[in-house]
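Source file: target_30.txt. Holds: compact mmCIF, N, CA and C atoms.
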# COMPACT_ATOMS: atom_id res chain seq x y z
N MET A 601 11.66 60.65 38.74
CA MET A 601 11.11 59.52 39.45
C MET A 601 10.54 58.55 38.40
N SER A 602 10.58 57.28 38.72
CA SER A 602 10.00 56.26 37.86
C SER A 602 9.49 55.10 38.71
N ILE A 603 8.62 54.30 38.13
CA ILE A 603 8.13 53.08 38.77
C ILE A 603 8.73 51.92 38.01
N GLN A 604 9.31 50.98 38.75
CA GLN A 604 9.94 49.83 38.13
C GLN A 604 9.29 48.55 38.65
N PRO A 605 8.72 47.75 37.75
CA PRO A 605 8.18 46.46 38.19
C PRO A 605 9.29 45.57 38.77
N TYR A 606 8.98 44.84 39.83
CA TYR A 606 9.92 43.91 40.44
C TYR A 606 9.17 42.60 40.66
N LEU A 607 9.61 41.54 39.99
CA LEU A 607 8.89 40.28 39.98
C LEU A 607 9.66 39.18 40.70
N PHE A 608 8.95 38.38 41.46
CA PHE A 608 9.55 37.25 42.19
C PHE A 608 9.14 35.95 41.51
N PHE A 609 10.11 35.24 40.95
CA PHE A 609 9.86 34.03 40.19
C PHE A 609 10.01 32.76 41.02
N GLU A 610 10.27 32.88 42.31
CA GLU A 610 10.24 31.77 43.26
C GLU A 610 11.03 30.54 42.81
N GLY A 611 12.26 30.78 42.35
CA GLY A 611 13.14 29.68 41.97
C GLY A 611 13.30 29.50 40.47
N ARG A 612 12.59 30.30 39.67
CA ARG A 612 12.63 30.16 38.21
C ARG A 612 13.18 31.40 37.52
N ALA A 613 13.93 32.24 38.25
CA ALA A 613 14.41 33.50 37.69
C ALA A 613 15.35 33.30 36.50
N ASP A 614 16.29 32.38 36.58
CA ASP A 614 17.19 32.17 35.45
C ASP A 614 16.43 31.70 34.22
N GLU A 615 15.42 30.86 34.42
CA GLU A 615 14.58 30.42 33.32
C GLU A 615 13.83 31.61 32.72
N ALA A 616 13.33 32.50 33.59
CA ALA A 616 12.61 33.69 33.12
C ALA A 616 13.55 34.62 32.36
N ILE A 617 14.75 34.81 32.85
CA ILE A 617 15.73 35.67 32.17
C ILE A 617 15.98 35.16 30.76
N ALA A 618 16.19 33.87 30.61
CA ALA A 618 16.43 33.28 29.29
C ALA A 618 15.19 33.41 28.40
N PHE A 619 14.01 33.14 28.96
CA PHE A 619 12.77 33.20 28.20
C PHE A 619 12.50 34.62 27.69
N TYR A 620 12.60 35.62 28.56
CA TYR A 620 12.32 37.00 28.15
C TYR A 620 13.42 37.54 27.24
N GLY A 621 14.63 37.01 27.37
CA GLY A 621 15.69 37.38 26.43
C GLY A 621 15.32 36.96 25.02
N LYS A 622 14.81 35.75 24.90
CA LYS A 622 14.43 35.21 23.59
C LYS A 622 13.13 35.84 23.09
N ALA A 623 12.12 35.91 23.95
CA ALA A 623 10.78 36.36 23.54
C ALA A 623 10.71 37.87 23.31
N LEU A 624 11.45 38.64 24.13
CA LEU A 624 11.32 40.09 24.09
C LEU A 624 12.62 40.83 23.81
N GLY A 625 13.70 40.10 23.64
CA GLY A 625 14.99 40.76 23.45
C GLY A 625 15.50 41.42 24.72
N ALA A 626 15.08 40.93 25.88
CA ALA A 626 15.50 41.51 27.17
C ALA A 626 17.00 41.38 27.33
N GLU A 627 17.60 42.46 27.81
CA GLU A 627 19.05 42.51 28.05
C GLU A 627 19.30 42.48 29.56
N VAL A 628 20.17 41.59 30.01
CA VAL A 628 20.50 41.51 31.43
C VAL A 628 21.41 42.68 31.78
N THR A 629 20.98 43.51 32.73
CA THR A 629 21.80 44.64 33.16
C THR A 629 22.59 44.32 34.42
N MET A 630 22.12 43.36 35.17
CA MET A 630 22.87 42.85 36.33
C MET A 630 22.24 41.57 36.81
N ARG A 631 23.04 40.76 37.51
CA ARG A 631 22.56 39.50 38.08
C ARG A 631 23.45 39.13 39.25
N MET A 632 22.86 38.92 40.40
CA MET A 632 23.61 38.52 41.60
C MET A 632 22.87 37.37 42.27
N THR A 633 23.60 36.33 42.62
CA THR A 633 23.01 35.19 43.32
C THR A 633 23.05 35.43 44.83
N TYR A 634 22.31 34.61 45.56
CA TYR A 634 22.36 34.69 47.02
C TYR A 634 23.78 34.41 47.52
N GLY A 635 24.48 33.51 46.86
CA GLY A 635 25.85 33.19 47.25
C GLY A 635 26.83 34.33 47.03
N GLU A 636 26.49 35.26 46.14
CA GLU A 636 27.34 36.42 45.88
C GLU A 636 27.00 37.61 46.75
N SER A 637 26.10 37.42 47.69
CA SER A 637 25.69 38.50 48.58
C SER A 637 26.89 39.08 49.33
N PRO A 638 26.93 40.40 49.51
CA PRO A 638 28.04 41.00 50.27
C PRO A 638 28.14 40.47 51.71
N GLN A 639 27.03 39.98 52.26
CA GLN A 639 27.06 39.41 53.61
C GLN A 639 27.74 38.05 53.63
N GLY A 640 27.93 37.46 52.47
CA GLY A 640 28.65 36.19 52.39
C GLY A 640 27.83 34.97 52.76
N ASP A 641 26.53 35.14 52.95
CA ASP A 641 25.70 33.97 53.23
C ASP A 641 24.36 34.16 52.54
N SER A 642 23.56 33.15 52.58
CA SER A 642 22.26 33.24 51.94
C SER A 642 21.15 32.96 52.94
N GLU A 643 21.35 33.46 54.16
CA GLU A 643 20.35 33.24 55.20
C GLU A 643 19.43 34.44 55.30
N CYS A 644 18.15 34.18 55.33
CA CYS A 644 17.13 35.22 55.43
C CYS A 644 16.74 35.42 56.89
N PRO A 645 16.04 36.52 57.17
CA PRO A 645 15.51 36.68 58.52
C PRO A 645 14.68 35.44 58.88
N GLY A 646 14.82 34.98 60.07
CA GLY A 646 14.13 33.77 60.52
C GLY A 646 14.99 32.52 60.33
N GLY A 647 16.19 32.68 59.75
CA GLY A 647 17.13 31.58 59.64
C GLY A 647 16.99 30.71 58.41
N MET A 648 16.08 31.04 57.50
CA MET A 648 15.92 30.23 56.30
C MET A 648 17.13 30.39 55.38
N LYS A 649 17.69 29.26 54.96
CA LYS A 649 18.82 29.26 54.03
C LYS A 649 18.29 29.15 52.60
N LEU A 650 18.77 30.02 51.73
CA LEU A 650 18.38 29.98 50.33
C LEU A 650 19.53 29.44 49.50
N PRO A 651 19.23 28.73 48.41
CA PRO A 651 20.29 28.16 47.59
C PRO A 651 21.24 29.24 47.05
N ALA A 652 22.52 29.02 47.21
CA ALA A 652 23.53 30.00 46.81
C ALA A 652 23.49 30.31 45.32
N ASP A 653 23.02 29.37 44.50
CA ASP A 653 23.03 29.60 43.05
C ASP A 653 21.77 30.29 42.54
N LYS A 654 20.81 30.57 43.41
CA LYS A 654 19.57 31.22 42.98
C LYS A 654 19.74 32.74 42.94
N VAL A 655 18.93 33.40 42.11
CA VAL A 655 19.04 34.83 41.86
C VAL A 655 18.47 35.65 43.02
N MET A 656 19.36 36.42 43.65
CA MET A 656 18.94 37.34 44.71
C MET A 656 18.35 38.59 44.06
N HIS A 657 19.02 39.10 43.02
CA HIS A 657 18.54 40.27 42.31
C HIS A 657 19.10 40.27 40.89
N ALA A 658 18.24 40.60 39.96
CA ALA A 658 18.67 40.77 38.56
C ALA A 658 17.91 41.94 37.97
N GLY A 659 18.48 42.51 36.95
CA GLY A 659 17.84 43.59 36.22
C GLY A 659 17.78 43.24 34.75
N LEU A 660 16.65 43.54 34.13
CA LEU A 660 16.48 43.36 32.69
C LEU A 660 16.06 44.69 32.08
N ARG A 661 16.56 44.96 30.89
CA ARG A 661 16.10 46.11 30.11
C ARG A 661 15.32 45.54 28.93
N ILE A 662 14.06 45.93 28.84
CA ILE A 662 13.19 45.53 27.74
C ILE A 662 12.75 46.82 27.07
N GLY A 663 13.30 47.08 25.89
CA GLY A 663 13.05 48.37 25.25
C GLY A 663 13.59 49.46 26.16
N GLY A 664 12.75 50.41 26.52
CA GLY A 664 13.15 51.48 27.42
C GLY A 664 12.76 51.26 28.86
N THR A 665 12.33 50.05 29.21
CA THR A 665 11.85 49.76 30.55
C THR A 665 12.84 48.89 31.31
N GLU A 666 13.04 49.21 32.57
CA GLU A 666 13.85 48.39 33.47
C GLU A 666 12.92 47.53 34.30
N LEU A 667 13.27 46.26 34.42
CA LEU A 667 12.49 45.30 35.19
C LEU A 667 13.42 44.62 36.18
N GLY A 668 13.03 44.59 37.45
CA GLY A 668 13.80 43.87 38.46
C GLY A 668 13.17 42.52 38.70
N LEU A 669 14.00 41.54 39.05
CA LEU A 669 13.45 40.22 39.35
C LEU A 669 14.37 39.45 40.29
N SER A 670 13.79 38.44 40.91
CA SER A 670 14.48 37.65 41.92
C SER A 670 13.84 36.27 41.99
N ASP A 671 14.57 35.34 42.60
CA ASP A 671 14.00 34.05 42.92
C ASP A 671 13.19 34.12 44.21
N GLY A 672 13.25 35.24 44.91
CA GLY A 672 12.50 35.40 46.14
C GLY A 672 12.85 34.33 47.15
N MET A 673 11.85 33.70 47.71
CA MET A 673 12.07 32.68 48.74
C MET A 673 12.19 31.27 48.15
N CYS A 674 12.22 31.17 46.81
CA CYS A 674 12.43 29.89 46.11
C CYS A 674 11.36 28.85 46.45
N SER A 675 10.12 29.30 46.60
CA SER A 675 9.03 28.39 46.96
C SER A 675 8.62 27.48 45.80
N GLY A 676 9.01 27.85 44.58
CA GLY A 676 8.59 27.08 43.41
C GLY A 676 7.21 27.45 42.91
N LYS A 677 6.57 28.43 43.56
CA LYS A 677 5.20 28.81 43.21
C LYS A 677 5.06 30.31 43.00
N PRO A 678 5.50 30.84 41.83
CA PRO A 678 5.28 32.27 41.59
C PRO A 678 3.78 32.56 41.61
N ASP A 679 3.42 33.73 42.12
CA ASP A 679 2.02 34.08 42.26
C ASP A 679 1.83 35.52 41.78
N PHE A 680 1.46 35.68 40.53
CA PHE A 680 1.27 36.99 39.94
C PHE A 680 -0.22 37.25 39.80
N LYS A 681 -0.80 37.93 40.78
CA LYS A 681 -2.23 38.19 40.77
C LYS A 681 -2.50 39.68 40.94
N GLY A 682 -3.57 40.13 40.32
CA GLY A 682 -4.01 41.50 40.51
C GLY A 682 -3.35 42.52 39.60
N PHE A 683 -2.55 42.07 38.65
CA PHE A 683 -1.93 42.99 37.70
C PHE A 683 -1.55 42.23 36.44
N SER A 684 -1.21 42.99 35.42
CA SER A 684 -0.77 42.41 34.16
C SER A 684 0.30 43.31 33.58
N MET A 685 1.27 42.75 32.91
CA MET A 685 2.26 43.52 32.20
C MET A 685 1.65 43.90 30.85
N THR A 686 1.93 45.10 30.36
CA THR A 686 1.46 45.52 29.05
C THR A 686 2.65 45.76 28.15
N LEU A 687 2.67 45.09 27.03
CA LEU A 687 3.72 45.25 26.04
C LEU A 687 3.14 46.03 24.87
N VAL A 688 3.61 47.26 24.69
CA VAL A 688 3.15 48.12 23.60
C VAL A 688 4.15 47.98 22.46
N CYS A 689 3.68 47.47 21.34
CA CYS A 689 4.54 47.19 20.18
C CYS A 689 4.39 48.30 19.14
N ASP A 690 5.39 48.38 18.25
CA ASP A 690 5.42 49.41 17.22
C ASP A 690 4.48 49.12 16.06
N ASP A 691 4.28 47.83 15.76
CA ASP A 691 3.43 47.49 14.63
C ASP A 691 2.82 46.11 14.85
N ASP A 692 1.85 45.76 14.00
CA ASP A 692 1.10 44.52 14.16
C ASP A 692 1.96 43.28 14.00
N ALA A 693 2.92 43.33 13.08
CA ALA A 693 3.80 42.17 12.87
C ALA A 693 4.64 41.90 14.11
N ASP A 694 5.16 42.96 14.73
CA ASP A 694 5.94 42.80 15.96
C ASP A 694 5.05 42.29 17.09
N ALA A 695 3.84 42.81 17.19
CA ALA A 695 2.90 42.36 18.23
C ALA A 695 2.61 40.87 18.07
N LYS A 696 2.39 40.44 16.84
CA LYS A 696 2.10 39.02 16.59
C LYS A 696 3.28 38.15 16.99
N ARG A 697 4.48 38.56 16.61
CA ARG A 697 5.69 37.78 16.94
C ARG A 697 5.89 37.71 18.45
N ARG A 698 5.76 38.84 19.14
CA ARG A 698 5.96 38.88 20.60
C ARG A 698 4.86 38.10 21.33
N PHE A 699 3.62 38.25 20.87
CA PHE A 699 2.49 37.55 21.49
C PHE A 699 2.71 36.05 21.41
N GLU A 700 3.06 35.56 20.23
CA GLU A 700 3.30 34.13 20.05
C GLU A 700 4.47 33.65 20.90
N ALA A 701 5.52 34.45 21.00
CA ALA A 701 6.68 34.07 21.81
C ALA A 701 6.31 34.00 23.29
N LEU A 702 5.57 34.98 23.78
CA LEU A 702 5.17 34.99 25.19
C LEU A 702 4.18 33.86 25.50
N ALA A 703 3.35 33.49 24.53
CA ALA A 703 2.34 32.45 24.73
C ALA A 703 2.94 31.05 24.74
N ASP A 704 4.17 30.89 24.26
CA ASP A 704 4.80 29.57 24.21
C ASP A 704 4.91 28.98 25.61
N GLY A 705 4.19 27.91 25.84
CA GLY A 705 4.18 27.27 27.16
C GLY A 705 3.19 27.89 28.13
N GLY A 706 2.45 28.90 27.67
CA GLY A 706 1.47 29.57 28.51
C GLY A 706 0.05 29.32 28.04
N LYS A 707 -0.82 30.30 28.28
CA LYS A 707 -2.25 30.15 27.95
C LYS A 707 -2.77 31.47 27.39
N VAL A 708 -3.36 31.40 26.20
CA VAL A 708 -3.95 32.58 25.58
C VAL A 708 -5.35 32.78 26.17
N ASP A 709 -5.59 33.96 26.74
CA ASP A 709 -6.91 34.30 27.27
C ASP A 709 -7.76 35.01 26.23
N MET A 710 -7.13 35.84 25.40
CA MET A 710 -7.82 36.56 24.34
C MET A 710 -6.86 36.62 23.16
N PRO A 711 -7.19 35.96 22.06
CA PRO A 711 -6.29 35.98 20.90
C PRO A 711 -6.03 37.40 20.40
N LEU A 712 -4.89 37.60 19.83
CA LEU A 712 -4.50 38.89 19.26
C LEU A 712 -5.43 39.23 18.11
N ALA A 713 -6.06 40.40 18.17
CA ALA A 713 -7.01 40.82 17.14
C ALA A 713 -7.16 42.33 17.14
N ASP A 714 -7.80 42.84 16.10
CA ASP A 714 -8.14 44.26 16.00
C ASP A 714 -9.21 44.58 17.03
N SER A 715 -9.16 45.78 17.59
CA SER A 715 -10.19 46.23 18.52
C SER A 715 -10.46 47.72 18.25
N PHE A 716 -11.40 48.28 18.95
CA PHE A 716 -11.73 49.68 18.74
C PHE A 716 -10.61 50.62 19.18
N PHE A 717 -9.71 50.16 20.06
CA PHE A 717 -8.64 51.02 20.58
C PHE A 717 -7.25 50.61 20.13
N ALA A 718 -7.12 49.45 19.48
CA ALA A 718 -5.81 48.96 19.07
C ALA A 718 -5.92 48.17 17.78
N SER A 719 -4.92 48.32 16.92
CA SER A 719 -4.93 47.52 15.70
C SER A 719 -4.61 46.06 16.01
N SER A 720 -3.94 45.85 17.14
CA SER A 720 -3.70 44.50 17.67
C SER A 720 -3.81 44.57 19.18
N PHE A 721 -4.59 43.65 19.74
CA PHE A 721 -4.70 43.54 21.20
C PHE A 721 -4.99 42.09 21.55
N GLY A 722 -4.24 41.57 22.53
CA GLY A 722 -4.48 40.22 23.01
C GLY A 722 -3.99 40.08 24.43
N MET A 723 -4.50 39.06 25.12
CA MET A 723 -4.14 38.80 26.51
C MET A 723 -3.72 37.35 26.66
N LEU A 724 -2.71 37.14 27.49
CA LEU A 724 -2.22 35.78 27.74
C LEU A 724 -1.59 35.71 29.12
N VAL A 725 -1.39 34.49 29.56
CA VAL A 725 -0.62 34.21 30.77
C VAL A 725 0.56 33.37 30.32
N ASP A 726 1.77 33.84 30.63
CA ASP A 726 2.95 33.12 30.14
C ASP A 726 3.25 31.88 30.99
N ARG A 727 4.28 31.16 30.66
CA ARG A 727 4.63 29.89 31.33
C ARG A 727 4.93 30.04 32.82
N PHE A 728 5.14 31.27 33.29
CA PHE A 728 5.43 31.51 34.71
C PHE A 728 4.18 31.94 35.48
N GLY A 729 3.07 32.10 34.76
CA GLY A 729 1.84 32.56 35.39
C GLY A 729 1.69 34.07 35.39
N LEU A 730 2.55 34.77 34.64
CA LEU A 730 2.52 36.23 34.55
C LEU A 730 1.60 36.66 33.41
N GLY A 731 0.63 37.53 33.73
CA GLY A 731 -0.30 38.02 32.73
C GLY A 731 0.31 39.10 31.85
N TRP A 732 -0.03 39.05 30.57
CA TRP A 732 0.45 40.03 29.59
C TRP A 732 -0.71 40.50 28.73
N MET A 733 -0.70 41.79 28.44
CA MET A 733 -1.53 42.37 27.40
C MET A 733 -0.57 42.89 26.34
N VAL A 734 -0.74 42.45 25.11
CA VAL A 734 0.11 42.87 24.01
C VAL A 734 -0.75 43.74 23.10
N MET A 735 -0.22 44.91 22.71
CA MET A 735 -1.05 45.81 21.91
C MET A 735 -0.27 46.74 21.01
N VAL A 736 -0.95 47.20 19.98
CA VAL A 736 -0.50 48.29 19.12
C VAL A 736 -1.64 49.30 19.15
N PRO A 737 -1.49 50.38 19.94
CA PRO A 737 -2.60 51.34 20.05
C PRO A 737 -2.91 52.01 18.72
N LYS A 738 -4.19 52.30 18.52
CA LYS A 738 -4.60 53.07 17.35
C LYS A 738 -4.29 54.53 17.63
N VAL A 739 -3.87 55.23 16.59
CA VAL A 739 -3.61 56.65 16.71
C VAL A 739 -4.95 57.39 16.71
N PRO A 740 -5.20 58.23 17.73
CA PRO A 740 -6.48 58.95 17.75
C PRO A 740 -6.70 59.74 16.45
N GLY A 741 -7.87 59.59 15.90
CA GLY A 741 -8.23 60.28 14.66
C GLY A 741 -7.62 59.64 13.42
N GLY A 742 -6.90 58.49 13.60
CA GLY A 742 -6.22 57.89 12.46
C GLY A 742 -6.89 56.70 11.89

Rewritten as structure tokens:
Amino acid sequence: MSIQPYLFFEGRADEAIAFYGKALGAEVTMRMTYGESPQGDSECPGGMKLPADKVMHAGLRIGGTELGLSDGMCSGKPDFKGFSMTLVCDDDADAKRRFEALADGGKVDMPLADSFFASSFGMLVDRFGLGWMVMVPKVPGG
């Protein structure tokens, strides 16, 4: 069993796929638009029509993690509240590079720095409004 994050980018999924590909080396494992739906239409319950070119479902592999994403209802207003993604890096140089890439177009809440639990730890909100904690944990006793 595993838990897989699934994020709704409300019309910005293709932009997110490209951004995370560049910032994190994310690999697209699948991508299907509403127009490619097996039902042959892009109508949601309640009769709402969604743009055929928008992402119904996509998968990204980031390191050993699978991430699902969609354009959702294409409202144009992604709303990521009550959680944060955590990116655990192998070393401080990688953390710095990834932190800066994720912060491009976003907002740094806590600059990347040494802490009592990590040799590098920082918090930011990326250009889509998604919160990230980037860290390199300290080895206990090290």

**Prompt:** Which residue gives the smallest distance to A:Glu610 among A:Phe721, A:Phe680, A:Trp732, A:Phe716, with only C-alpha atoms counted?
**Reply:** A:Phe680

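Between A:Leu724 and the candidates A:Leu712, A:Leu607, A:Met648, A:Val739, the tightest atom-to-atom separation, counting only N, CA and C atoms, involves A:Leu712.
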
**Asked** Which distance in Å separates atom CA of A:Ala695 and atom CA of A:Leu669, to one decimal?
**Response** 23.7 Å

**Request:** Please provide as a list of chain:residue names all residues within 7 Å of stretch 611-615 of chain A, with the sequence filter that same-chain residues fewer than 4 positions apart are discarded (counting only N, CA and C atoms).
**Result:** A:Phe619, A:Tyr620, A:Lys654, A:Val655, A:Leu669, A:Ser670, A:Asp671, A:Gly672, A:Met673, A:Cys674, A:Ser675, A:Gly676, A:Lys677, A:Pro678

**Request:** Rounded to one decimal place, report the atom CA of A:Ala626-atom C of A:Gly659 distance in Å.
**Result:**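 For atom CA of A:Ala626 relative to atom C of A:Gly659, the distance reads 8.1 Å.
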
**Request:** Using atom CA of A:Val734 and atom CA of A:Phe717 as the two end points, give the distance in Å to one decimal.
**Result:** 12.4 Å

**Asked** So, counting all atoms listed in the file, which residue among A:Ala618, A:Val688, A:Val708, A:Ala718 is closest to A:Met733?
**Response** A:Val688

**Prompt:** Pick the closest to A:Asp704 from A:Leu667, A:Ala623, A:Leu687, A:Met630: which is it, counting only C-alpha atoms?
**Reply:** A:Ala623
